[in-house]
file coords-v5.pdb (PDB, N, CA and C atoms, pLDDT in the B column)
ATOM      1  N   MET A1007     141.042 227.695 166.718  1.00 48.00           N
ATOM      2  CA  MET A1007     140.363 226.677 165.949  1.00 48.00           C
ATOM      3  C   MET A1007     140.204 225.423 166.820  1.00 48.00           C
ATOM      4  N   PRO A1008     138.996 225.118 167.271  1.00 52.00           N
ATOM      5  CA  PRO A1008     138.795 223.950 168.124  1.00 52.00           C
ATOM      6  C   PRO A1008     138.894 222.659 167.325  1.00 52.00           C
ATOM      7  N   THR A1009     139.493 221.686 167.948  1.00 55.00           N
ATOM      8  CA  THR A1009     139.563 220.369 167.315  1.00 55.00           C
ATOM      9  C   THR A1009     138.632 219.433 168.061  1.00 55.00           C
ATOM     10  N   THR A1010     137.974 218.591 167.325  1.00 58.00           N
ATOM     11  CA  THR A1010     137.069 217.645 167.960  1.00 58.00           C
ATOM     12  C   THR A1010     137.751 216.293 168.036  1.00 58.00           C
ATOM     13  N   LYS A1011     137.613 215.675 169.171  1.00 59.00           N
ATOM     14  CA  LYS A1011     138.190 214.370 169.393  1.00 59.00           C
ATOM     15  C   LYS A1011     137.136 213.314 169.073  1.00 59.00           C
ATOM     16  N   PRO A1012     137.463 212.325 168.252  1.00 62.00           N
ATOM     17  CA  PRO A1012     136.456 211.307 167.967  1.00 62.00           C
ATOM     18  C   PRO A1012     136.175 210.477 169.218  1.00 62.00           C
ATOM     19  N   ASN A1013     134.949 210.128 169.396  1.00 71.00           N
ATOM     20  CA  ASN A1013     134.556 209.318 170.529  1.00 71.00           C
ATOM     21  C   ASN A1013     134.809 207.850 170.177  1.00 71.00           C
ATOM     22  N   ALA A1014     135.866 207.273 170.727  1.00 68.00           N
ATOM     23  CA  ALA A1014     136.274 205.913 170.370  1.00 68.00           C
ATOM     24  C   ALA A1014     135.208 204.891 170.731  1.00 68.00           C
ATOM     25  N   LEU A1015     134.546 205.073 171.853  1.00 68.00           N
ATOM     26  CA  LEU A1015     133.511 204.130 172.245  1.00 68.00           C
ATOM     27  C   LEU A1015     132.345 204.173 171.271  1.00 68.00           C
ATOM     28  N   LYS A1016     131.977 205.357 170.840  1.00 71.00           N
ATOM     29  CA  LYS A1016     130.871 205.504 169.892  1.00 71.00           C
ATOM     30  C   LYS A1016     131.223 204.847 168.553  1.00 71.00           C
ATOM     31  N   GLU A1017     132.488 204.912 168.157  1.00 69.00           N
ATOM     32  CA  GLU A1017     132.911 204.308 166.893  1.00 69.00           C
ATOM     33  C   GLU A1017     132.765 202.795 166.900  1.00 69.00           C
ATOM     34  N   LEU A1018     132.810 202.176 168.078  1.00 67.00           N
ATOM     35  CA  LEU A1018     132.639 200.725 168.160  1.00 67.00           C
ATOM     36  C   LEU A1018     131.223 200.297 167.810  1.00 67.00           C
ATOM     37  N   PHE A1019     130.253 201.180 168.043  1.00 69.00           N
ATOM     38  CA  PHE A1019     128.850 200.834 167.867  1.00 69.00           C
ATOM     39  C   PHE A1019     128.204 201.444 166.632  1.00 69.00           C
ATOM     40  N   THR A1020     128.914 202.279 165.894  1.00 74.00           N
ATOM     41  CA  THR A1020     128.279 202.985 164.781  1.00 74.00           C
ATOM     42  C   THR A1020     128.974 202.717 163.453  1.00 74.00           C
ATOM     43  N   ASN A1021     128.239 202.962 162.376  1.00 72.00           N
ATOM     44  CA  ASN A1021     128.777 202.883 161.022  1.00 72.00           C
ATOM     45  C   ASN A1021     129.421 204.215 160.661  1.00 72.00           C
ATOM     46  N   ASP A1022     129.880 204.332 159.410  1.00 71.00           N
ATOM     47  CA  ASP A1022     130.496 205.578 158.956  1.00 71.00           C
ATOM     48  C   ASP A1022     129.519 206.746 158.979  1.00 71.00           C
ATOM     49  N   ASP A1023     128.224 206.455 158.828  1.00 75.00           N
ATOM     50  CA  ASP A1023     127.223 207.520 158.815  1.00 75.00           C
ATOM     51  C   ASP A1023     126.591 207.759 160.185  1.00 75.00           C
ATOM     52  N   ASN A1024     127.258 207.284 161.247  1.00 75.00           N
ATOM     53  CA  ASN A1024     126.842 207.473 162.648  1.00 75.00           C
ATOM     54  C   ASN A1024     125.534 206.791 163.020  1.00 75.00           C
ATOM     55  N   ARG A1025     125.118 205.807 162.231  1.00 79.00           N
ATOM     56  CA  ARG A1025     123.971 204.987 162.624  1.00 79.00           C
ATOM     57  C   ARG A1025     124.491 203.798 163.420  1.00 79.00           C
ATOM     58  N   THR A1026     123.671 203.279 164.303  1.00 77.00           N
ATOM     59  CA  THR A1026     124.081 202.152 165.126  1.00 77.00           C
ATOM     60  C   THR A1026     124.338 200.927 164.252  1.00 77.00           C
ATOM     61  N   SER A1027     125.459 200.277 164.487  1.00 74.00           N
ATOM     62  CA  SER A1027     125.848 199.086 163.733  1.00 74.00           C
ATOM     63  C   SER A1027     125.499 197.845 164.544  1.00 74.00           C
ATOM     64  N   THR A1028     124.653 197.001 163.982  1.00 76.00           N
ATOM     65  CA  THR A1028     124.271 195.771 164.670  1.00 76.00           C
ATOM     66  C   THR A1028     125.479 194.861 164.850  1.00 76.00           C
ATOM     67  N   THR A1029     126.276 194.717 163.826  1.00 74.00           N
ATOM     68  CA  THR A1029     127.449 193.846 163.895  1.00 74.00           C
ATOM     69  C   THR A1029     128.443 194.343 164.931  1.00 74.00           C
ATOM     70  N   GLY A1030     128.720 195.630 164.932  1.00 74.00           N
ATOM     71  CA  GLY A1030     129.644 196.192 165.904  1.00 74.00           C
ATOM     72  C   GLY A1030     129.152 196.022 167.328  1.00 74.00           C
ATOM     73  N   THR A1031     127.857 196.240 167.528  1.00 78.00           N
ATOM     74  CA  THR A1031     127.279 196.080 168.857  1.00 78.00           C
ATOM     75  C   THR A1031     127.396 194.642 169.333  1.00 78.00           C
ATOM     76  N   LEU A1032     127.103 193.691 168.451  1.00 79.00           N
ATOM     77  CA  LEU A1032     127.203 192.280 168.817  1.00 79.00           C
ATOM     78  C   LEU A1032     128.640 191.870 169.114  1.00 79.00           C
ATOM     79  N   HIS A1033     129.599 192.399 168.356  1.00 77.00           N
ATOM     80  CA  HIS A1033     131.001 192.087 168.629  1.00 77.00           C
ATOM     81  C   HIS A1033     131.420 192.579 170.013  1.00 77.00           C
ATOM     82  N   VAL A1034     131.065 193.807 170.338  1.00 79.00           N
ATOM     83  CA  VAL A1034     131.460 194.371 171.632  1.00 79.00           C
ATOM     84  C   VAL A1034     130.772 193.637 172.777  1.00 79.00           C
ATOM     85  N   LEU A1035     129.470 193.402 172.651  1.00 83.00           N
ATOM     86  CA  LEU A1035     128.757 192.691 173.706  1.00 83.00           C
ATOM     87  C   LEU A1035     129.255 191.252 173.840  1.00 83.00           C
ATOM     88  N   GLY A1036     129.546 190.604 172.721  1.00 81.00           N
ATOM     89  CA  GLY A1036     130.100 189.252 172.760  1.00 81.00           C
ATOM     90  C   GLY A1036     131.439 189.212 173.460  1.00 81.00           C
ATOM     91  N   PHE A1037     132.265 190.226 173.215  1.00 82.00           N
ATOM     92  CA  PHE A1037     133.561 190.310 173.888  1.00 82.00           C
ATOM     93  C   PHE A1037     133.382 190.417 175.398  1.00 82.00           C
ATOM     94  N   PHE A1038     132.451 191.272 175.825  1.00 87.00           N
ATOM     95  CA  PHE A1038     132.228 191.444 177.269  1.00 87.00           C
ATOM     96  C   PHE A1038     131.681 190.174 177.915  1.00 87.00           C
ATOM     97  N   VAL A1039     130.749 189.516 177.256  1.00 87.00           N
ATOM     98  CA  VAL A1039     130.183 188.280 177.812  1.00 87.00           C
ATOM     99  C   VAL A1039     131.242 187.195 177.896  1.00 87.00           C
ATOM    100  N   LEU A1040     132.000 187.017 176.819  1.00 84.00           N
ATOM    101  CA  LEU A1040     133.038 185.998 176.813  1.00 84.00           C
ATOM    102  C   LEU A1040     134.123 186.307 177.846  1.00 84.00           C
ATOM    103  N   SER A1041     134.452 187.572 178.016  1.00 87.00           N
ATOM    104  CA  SER A1041     135.425 187.958 179.045  1.00 87.00           C
ATOM    105  C   SER A1041     134.901 187.647 180.446  1.00 87.00           C
ATOM    106  N   ALA A1042     133.626 187.913 180.677  1.00 90.00           N
ATOM    107  CA  ALA A1042     133.036 187.629 181.984  1.00 90.00           C
ATOM    108  C   ALA A1042     133.039 186.128 182.264  1.00 90.00           C
ATOM    109  N   VAL A1043     132.717 185.318 181.255  1.00 88.00           N
ATOM    110  CA  VAL A1043     132.731 183.862 181.425  1.00 88.00           C
ATOM    111  C   VAL A1043     134.154 183.382 181.721  1.00 88.00           C
ATOM    112  N   LEU A1044     135.123 183.952 181.015  1.00 88.00           N
ATOM    113  CA  LEU A1044     136.516 183.579 181.239  1.00 88.00           C
ATOM    114  C   LEU A1044     136.942 183.918 182.675  1.00 88.00           C
ATOM    115  N   LEU A1045     136.646 185.124 183.123  1.00 91.00           N
ATOM    116  CA  LEU A1045     137.024 185.523 184.481  1.00 91.00           C
ATOM    117  C   LEU A1045     136.318 184.674 185.536  1.00 91.00           C
ATOM    118  N   TYR A1046     135.065 184.360 185.311  1.00 91.00           N
ATOM    119  CA  TYR A1046     134.324 183.521 186.258  1.00 91.00           C
ATOM    120  C   TYR A1046     134.906 182.110 186.293  1.00 91.00           C
ATOM    121  N   SER A1047     135.316 181.611 185.139  1.00 90.00           N
ATOM    122  CA  SER A1047     135.931 180.282 185.084  1.00 90.00           C
ATOM    123  C   SER A1047     137.272 180.257 185.809  1.00 90.00           C
ATOM    124  N   VAL A1048     138.037 181.340 185.696  1.00 90.00           N
ATOM    125  CA  VAL A1048     139.301 181.436 186.432  1.00 90.00           C
ATOM    126  C   VAL A1048     139.003 181.463 187.933  1.00 90.00           C
ATOM    127  N   TYR A1049     137.993 182.228 188.309  1.00 92.00           N
ATOM    128  CA  TYR A1049     137.607 182.314 189.713  1.00 92.00           C
ATOM    129  C   TYR A1049     137.214 180.932 190.262  1.00 92.00           C
ATOM    130  N   LEU A1050     136.509 180.134 189.461  1.00 92.00           N
ATOM    131  CA  LEU A1050     136.084 178.805 189.891  1.00 92.00           C
ATOM    132  C   LEU A1050     137.176 177.750 189.715  1.00 92.00           C
ATOM    133  N   ASP A1051     138.307 178.148 189.142  1.00 91.00           N
ATOM    134  CA  ASP A1051     139.450 177.261 188.920  1.00 91.00           C
ATOM    135  C   ASP A1051     139.070 176.047 188.054  1.00 91.00           C
ATOM    136  N   ARG A1052     138.430 176.335 186.926  1.00 89.00           N
ATOM    137  CA  ARG A1052     138.024 175.276 185.995  1.00 89.00           C
ATOM    138  C   ARG A1052     139.199 174.846 185.137  1.00 89.00           C
ATOM    139  N   SER A1053     139.123 173.629 184.639  1.00 91.00           N
ATOM    140  CA  SER A1053     140.226 173.075 183.835  1.00 91.00           C
ATOM    141  C   SER A1053     140.212 173.573 182.390  1.00 91.00           C
ATOM    142  N   TYR A1054     139.105 174.137 181.928  1.00 88.00           N
ATOM    143  CA  TYR A1054     138.986 174.545 180.533  1.00 88.00           C
ATOM    144  C   TYR A1054     139.289 176.028 180.303  1.00 88.00           C
ATOM    145  N   VAL A1055     139.936 176.680 181.228  1.00 88.00           N
ATOM    146  CA  VAL A1055     140.282 178.102 181.086  1.00 88.00           C
ATOM    147  C   VAL A1055     141.185 178.358 179.873  1.00 88.00           C
ATOM    148  N   PRO A1056     142.212 177.524 179.596  1.00 90.00           N
ATOM    149  CA  PRO A1056     143.028 177.789 178.399  1.00 90.00           C
ATOM    150  C   PRO A1056     142.230 177.774 177.101  1.00 90.00           C
ATOM    151  N   GLU A1057     141.265 176.877 176.982  1.00 90.00           N
ATOM    152  CA  GLU A1057     140.435 176.842 175.780  1.00 90.00           C
ATOM    153  C   GLU A1057     139.568 178.094 175.671  1.00 90.00           C
ATOM    154  N   LEU A1058     139.045 178.559 176.806  1.00 86.00           N
ATOM    155  CA  LEU A1058     138.255 179.790 176.795  1.00 86.00           C
ATOM    156  C   LEU A1058     139.115 180.991 176.427  1.00 86.00           C
ATOM    157  N   PHE A1059     140.344 181.029 176.923  1.00 88.00           N
ATOM    158  CA  PHE A1059     141.240 182.123 176.584  1.00 88.00           C
ATOM    159  C   PHE A1059     141.547 182.126 175.082  1.00 88.00           C
ATOM    160  N   THR A1060     141.786 180.944 174.528  1.00 90.00           N
ATOM    161  CA  THR A1060     142.040 180.830 173.088  1.00 90.00           C
ATOM    162  C   THR A1060     140.824 181.294 172.298  1.00 90.00           C
ATOM    163  N   THR A1061     139.643 180.907 172.741  1.00 86.00           N
ATOM    164  CA  THR A1061     138.415 181.334 172.068  1.00 86.00           C
ATOM    165  C   THR A1061     138.267 182.848 172.114  1.00 86.00           C
ATOM    166  N   LEU A1062     138.535 183.447 173.267  1.00 84.00           N
ATOM    167  CA  LEU A1062     138.450 184.899 173.398  1.00 84.00           C
ATOM    168  C   LEU A1062     139.458 185.589 172.483  1.00 84.00           C
ATOM    169  N   ALA A1063     140.670 185.060 172.424  1.00 86.00           N
ATOM    170  CA  ALA A1063     141.704 185.653 171.567  1.00 86.00           C
ATOM    171  C   ALA A1063     141.313 185.575 170.089  1.00 86.00           C
ATOM    172  N   ILE A1064     140.799 184.434 169.670  1.00 88.00           N
ATOM    173  CA  ILE A1064     140.385 184.272 168.266  1.00 88.00           C
ATOM    174  C   ILE A1064     139.196 185.181 167.961  1.00 88.00           C
ATOM    175  N   PHE A1065     138.239 185.248 168.871  1.00 82.00           N
ATOM    176  CA  PHE A1065     137.066 186.105 168.689  1.00 82.00           C
ATOM    177  C   PHE A1065     137.487 187.563 168.557  1.00 82.00           C
ATOM    178  N   SER A1066     138.344 188.018 169.463  1.00 79.00           N
ATOM    179  CA  SER A1066     138.793 189.411 169.444  1.00 79.00           C
ATOM    180  C   SER A1066     139.616 189.714 168.195  1.00 79.00           C
ATOM    181  N   GLY A1067     140.533 188.817 167.871  1.00 81.00           N
ATOM    182  CA  GLY A1067     141.351 189.004 166.673  1.00 81.00           C
ATOM    183  C   GLY A1067     140.523 188.982 165.409  1.00 81.00           C
ATOM    184  N   GLY A1068     139.553 188.094 165.352  1.00 80.00           N
ATOM    185  CA  GLY A1068     138.683 188.012 164.177  1.00 80.00           C
ATOM    186  C   GLY A1068     137.859 189.262 163.982  1.00 80.00           C
ATOM    187  N   ALA A1069     137.392 189.848 165.070  1.00 74.00           N
ATOM    188  CA  ALA A1069     136.615 191.081 164.971  1.00 74.00           C
ATOM    189  C   ALA A1069     137.469 192.220 164.423  1.00 74.00           C
ATOM    190  N   VAL A1070     138.704 192.311 164.882  1.00 73.00           N
ATOM    191  CA  VAL A1070     139.609 193.373 164.418  1.00 73.00           C
ATOM    192  C   VAL A1070     139.966 193.168 162.947  1.00 73.00           C
ATOM    193  N   VAL A1071     140.279 191.937 162.577  1.00 78.00           N
ATOM    194  CA  VAL A1071     140.643 191.646 161.183  1.00 78.00           C
ATOM    195  C   VAL A1071     139.467 191.914 160.254  1.00 78.00           C
ATOM    196  N   THR A1072     138.273 191.538 160.689  1.00 76.00           N
ATOM    197  CA  THR A1072     137.080 191.779 159.871  1.00 76.00           C
ATOM    198  C   THR A1072     136.876 193.265 159.642  1.00 76.00           C
ATOM    199  N   LYS A1073     136.975 194.055 160.702  1.00 71.00           N
ATOM    200  CA  LYS A1073     136.797 195.509 160.586  1.00 71.00           C
ATOM    201  C   LYS A1073     137.870 196.115 159.676  1.00 71.00           C
ATOM    202  N   GLY A1074     139.109 195.648 159.810  1.00 73.00           N
ATOM    203  CA  GLY A1074     140.192 196.143 158.961  1.00 73.00           C
ATOM    204  C   GLY A1074     140.005 195.776 157.500  1.00 73.00           C
ATOM    205  N   ALA A1075     139.546 194.559 157.243  1.00 77.00           N
ATOM    206  CA  ALA A1075     139.330 194.123 155.866  1.00 77.00           C
ATOM    207  C   ALA A1075     138.205 194.921 155.213  1.00 77.00           C
ATOM    208  N   VAL A1076     137.147 195.175 155.952  1.00 74.00           N
ATOM    209  CA  VAL A1076     136.029 195.959 155.415  1.00 74.00           C
ATOM    210  C   VAL A1076     136.480 197.387 155.138  1.00 74.00           C
ATOM    211  N   SER A1077     137.244 197.968 156.041  1.00 73.00           N
ATOM    212  CA  SER A1077     137.739 199.339 155.833  1.00 73.00           C
ATOM    213  C   SER A1077     138.647 199.420 154.611  1.00 73.00           C
ATOM    214  N   ALA A1078     139.528 198.430 154.456  1.00 77.00           N
ATOM    215  CA  ALA A1078     140.424 198.420 153.296  1.00 77.00           C
ATOM    216  C   ALA A1078     139.638 198.261 151.997  1.00 77.00           C
ATOM    217  N   TYR A1079     138.624 197.402 152.011  1.00 80.00           N
ATOM    218  CA  TYR A1079     137.806 197.185 150.827  1.00 80.00           C
ATOM    219  C   TYR A1079     137.047 198.457 150.470  1.00 80.00           C
ATOM    220  N   LYS A1080     136.471 199.120 151.474  1.00 77.00           N
ATOM    221  CA  LYS A1080     135.715 200.344 151.221  1.00 77.00           C
ATOM    222  C   LYS A1080     136.611 201.448 150.645  1.00 77.00           C
ATOM    223  N   SER A1081     137.844 201.560 151.176  1.00 77.00           N
ATOM    224  CA  SER A1081     138.733 202.603 150.663  1.00 77.00           C
ATOM    225  C   SER A1081     139.170 202.290 149.240  1.00 77.00           C
ATOM    226  N   LYS A1082     139.347 201.007 148.932  1.00 77.00           N
ATOM    227  CA  LYS A1082     139.736 200.608 147.570  1.00 77.00           C
ATOM    228  C   LYS A1082     138.590 200.875 146.601  1.00 77.00           C
ATOM    229  N   VAL A1083     137.374 200.548 146.994  1.00 76.00           N
ATOM    230  CA  VAL A1083     136.202 200.794 146.133  1.00 76.00           C
ATOM    231  C   VAL A1083     136.010 202.278 145.922  1.00 76.00           C
ATOM    232  N   THR A1084     136.229 203.081 146.959  1.00 75.00           N
ATOM    233  CA  THR A1084     136.083 204.522 146.849  1.00 75.00           C
ATOM    234  C   THR A1084     137.118 205.104 145.883  1.00 75.00           C
ATOM    235  N   LYS A1085     138.368 204.618 145.936  1.00 73.00           N
ATOM    236  CA  LYS A1085     139.413 205.106 145.033  1.00 73.00           C
ATOM    237  C   LYS A1085     139.128 204.717 143.592  1.00 73.00           C
ATOM    238  N   VAL A1086     138.635 203.494 143.361  1.00 68.00           N
ATOM    239  CA  VAL A1086     138.330 203.039 142.002  1.00 68.00           C
ATOM    240  C   VAL A1086     137.138 203.788 141.457  1.00 68.00           C
ATOM    241  N   GLY A1087     136.148 204.068 142.301  1.00 61.00           N
ATOM    242  CA  GLY A1087     134.939 204.753 141.866  1.00 61.00           C
ATOM    243  C   GLY A1087     135.152 206.229 141.592  1.00 61.00           C
ATOM    244  N   SER A1088     136.217 206.807 142.085  1.00 59.00           N
ATOM    245  CA  SER A1088     136.450 208.249 141.907  1.00 59.00           C
ATOM    246  C   SER A1088     136.959 208.581 140.547  1.00 59.00           C
TER     247      SER A1088
END
call {"tool": "encode", "arguments": {"input": "coords-v5.pdb", "output": "structure tokens"}}
result
Amino acid sequence: MPTTKPNALKELFTNDDNRTSTTGTLHVLGFFVLSAVLLYSVYLDRSYVPELFTTLAIFSGGAVVTKGAVSAYKSKVTKVGS
């Protein structure tokens, strides 16, 4: 019996029905852009690197919390609707 492994990268960009998620795509691309800006600022030895790091941490944490809250809400609605 073969088991299929979910594609974690694909899950970042898609909804439950495997359609591309605009919000998910923007979160991932925003993370990469903000990370690149942070690394470039470290390379240039700028004074505002701690603020950029805090912004990246809040952005990343907010994306995870948002996804978790939506998943919890959907599972609760599904249980009530059943």
call {"tool": "resolve_selection", "arguments": {"input": "coords-v5.pdb", "expression": "the PyMOL selection byres ((chain A and resi 1029-1041) around 8)", "output": "PyMOL selection string"}}
result
chain A and resi 1017-1021+1026-1028+1042-1047+1058+1061-1062+1065-1066+1069
call {"tool": "atom_distance", "arguments": {"input": "coords-v5.pdb", "atom1": "atom C of Leu1050 (chain A)", "atom2": "atom C of Gly1068 (chain A)"}}
result
28.2 Å
call {"tool": "atom_distance", "arguments": {"input": "coords-v5.pdb", "atom1": "CA of Val1076 (chain A)", "atom2": "atom C of Glu1057 (chain A)"}}
result
27.2 Å
call {"tool": "build_atoms", "arguments": {"input": "coords-v5.pdb", "residues": "region 1077-1087 of chain A", "atoms": "all heavy atoms", "output": "mmCIF file, in the frame of the given file"}}
result
data_model
loop_
_atom_site.group_PDB
_atom_site.id
_atom_site.type_symbol
_atom_site.label_atom_id
_atom_site.label_comp_id
_atom_site.auth_asym_id
_atom_site.auth_seq_id
_atom_site.Cartn_x
_atom_site.Cartn_y
_atom_site.Cartn_z
ATOM 1 N N SER A 1077 137.244 197.968 156.041
ATOM 2 C CA SER A 1077 137.739 199.339 155.833
ATOM 3 C C SER A 1077 138.647 199.420 154.611
ATOM 4 O O SER A 1077 138.547 200.350 153.815
ATOM 5 C CB SER A 1077 138.491 199.823 157.071
ATOM 6 O OG SER A 1077 137.645 199.875 158.173
ATOM 7 N N ALA A 1078 139.528 198.430 154.456
ATOM 8 C CA ALA A 1078 140.424 198.420 153.296
ATOM 9 C C ALA A 1078 139.638 198.261 151.997
ATOM 10 O O ALA A 1078 139.915 198.926 150.999
ATOM 11 C CB ALA A 1078 141.440 197.292 153.433
ATOM 12 N N TYR A 1079 138.624 197.402 152.011
ATOM 13 C CA TYR A 1079 137.806 197.185 150.827
ATOM 14 C C TYR A 1079 137.047 198.457 150.470
ATOM 15 O O TYR A 1079 136.998 198.841 149.303
ATOM 16 C CB TYR A 1079 136.833 196.033 151.061
ATOM 17 C CG TYR A 1079 135.867 195.813 149.923
ATOM 18 C CD1 TYR A 1079 136.286 195.201 148.751
ATOM 19 C CD2 TYR A 1079 134.545 196.225 150.025
ATOM 20 C CE1 TYR A 1079 135.409 195.027 147.704
ATOM 21 C CE2 TYR A 1079 133.669 196.047 148.990
ATOM 22 C CZ TYR A 1079 134.095 195.442 147.824
ATOM 23 O OH TYR A 1079 133.220 195.275 146.782
ATOM 24 N N LYS A 1080 136.471 199.120 151.474
ATOM 25 C CA LYS A 1080 135.715 200.344 151.221
ATOM 26 C C LYS A 1080 136.611 201.448 150.645
ATOM 27 O O LYS A 1080 136.219 202.167 149.745
ATOM 28 C CB LYS A 1080 135.036 200.841 152.494
ATOM 29 C CG LYS A 1080 133.797 200.084 152.851
ATOM 30 C CD LYS A 1080 133.137 200.674 154.083
ATOM 31 C CE LYS A 1080 131.866 199.949 154.435
ATOM 32 N NZ LYS A 1080 131.230 200.508 155.643
ATOM 33 N N SER A 1081 137.844 201.560 151.176
ATOM 34 C CA SER A 1081 138.733 202.603 150.663
ATOM 35 C C SER A 1081 139.170 202.290 149.240
ATOM 36 O O SER A 1081 139.322 203.177 148.412
ATOM 37 C CB SER A 1081 139.933 202.780 151.574
ATOM 38 O OG SER A 1081 140.810 201.681 151.485
ATOM 39 N N LYS A 1082 139.347 201.007 148.932
ATOM 40 C CA LYS A 1082 139.736 200.608 147.570
ATOM 41 C C LYS A 1082 138.590 200.875 146.601
ATOM 42 O O LYS A 1082 138.811 201.382 145.503
ATOM 43 C CB LYS A 1082 140.110 199.130 147.543
ATOM 44 C CG LYS A 1082 140.622 198.663 146.214
ATOM 45 C CD LYS A 1082 141.063 197.210 146.273
ATOM 46 C CE LYS A 1082 141.601 196.765 144.924
ATOM 47 N NZ LYS A 1082 142.013 195.370 144.938
ATOM 48 N N VAL A 1083 137.374 200.548 146.994
ATOM 49 C CA VAL A 1083 136.202 200.794 146.133
ATOM 50 C C VAL A 1083 136.010 202.278 145.922
ATOM 51 O O VAL A 1083 135.695 202.738 144.828
ATOM 52 C CB VAL A 1083 134.947 200.149 146.752
ATOM 53 C CG1 VAL A 1083 133.689 200.613 146.052
ATOM 54 C CG2 VAL A 1083 135.051 198.641 146.705
ATOM 55 N N THR A 1084 136.229 203.081 146.959
ATOM 56 C CA THR A 1084 136.083 204.522 146.849
ATOM 57 C C THR A 1084 137.118 205.104 145.883
ATOM 58 O O THR A 1084 136.800 205.959 145.058
ATOM 59 C CB THR A 1084 136.244 205.194 148.234
ATOM 60 O OG1 THR A 1084 135.302 204.616 149.118
ATOM 61 C CG2 THR A 1084 136.023 206.680 148.143
ATOM 62 N N LYS A 1085 138.368 204.618 145.936
ATOM 63 C CA LYS A 1085 139.413 205.106 145.033
ATOM 64 C C LYS A 1085 139.128 204.717 143.592
ATOM 65 O O LYS A 1085 139.319 205.498 142.688
ATOM 66 C CB LYS A 1085 140.775 204.546 145.461
ATOM 67 C CG LYS A 1085 141.316 205.167 146.702
ATOM 68 C CD LYS A 1085 142.647 204.553 147.060
ATOM 69 C CE LYS A 1085 143.142 205.073 148.399
ATOM 70 N NZ LYS A 1085 144.383 204.418 148.824
ATOM 71 N N VAL A 1086 138.635 203.494 143.361
ATOM 72 C CA VAL A 1086 138.330 203.039 142.002
ATOM 73 C C VAL A 1086 137.138 203.788 141.457
ATOM 74 O O VAL A 1086 137.101 204.144 140.275
ATOM 75 C CB VAL A 1086 138.069 201.504 142.001
ATOM 76 C CG1 VAL A 1086 137.540 201.036 140.663
ATOM 77 C CG2 VAL A 1086 139.332 200.747 142.364
ATOM 78 N N GLY A 1087 136.148 204.068 142.301
ATOM 79 C CA GLY A 1087 134.939 204.753 141.866
ATOM 80 C C GLY A 1087 135.152 206.229 141.592
ATOM 81 O O GLY A 1087 134.351 206.862 140.919
#
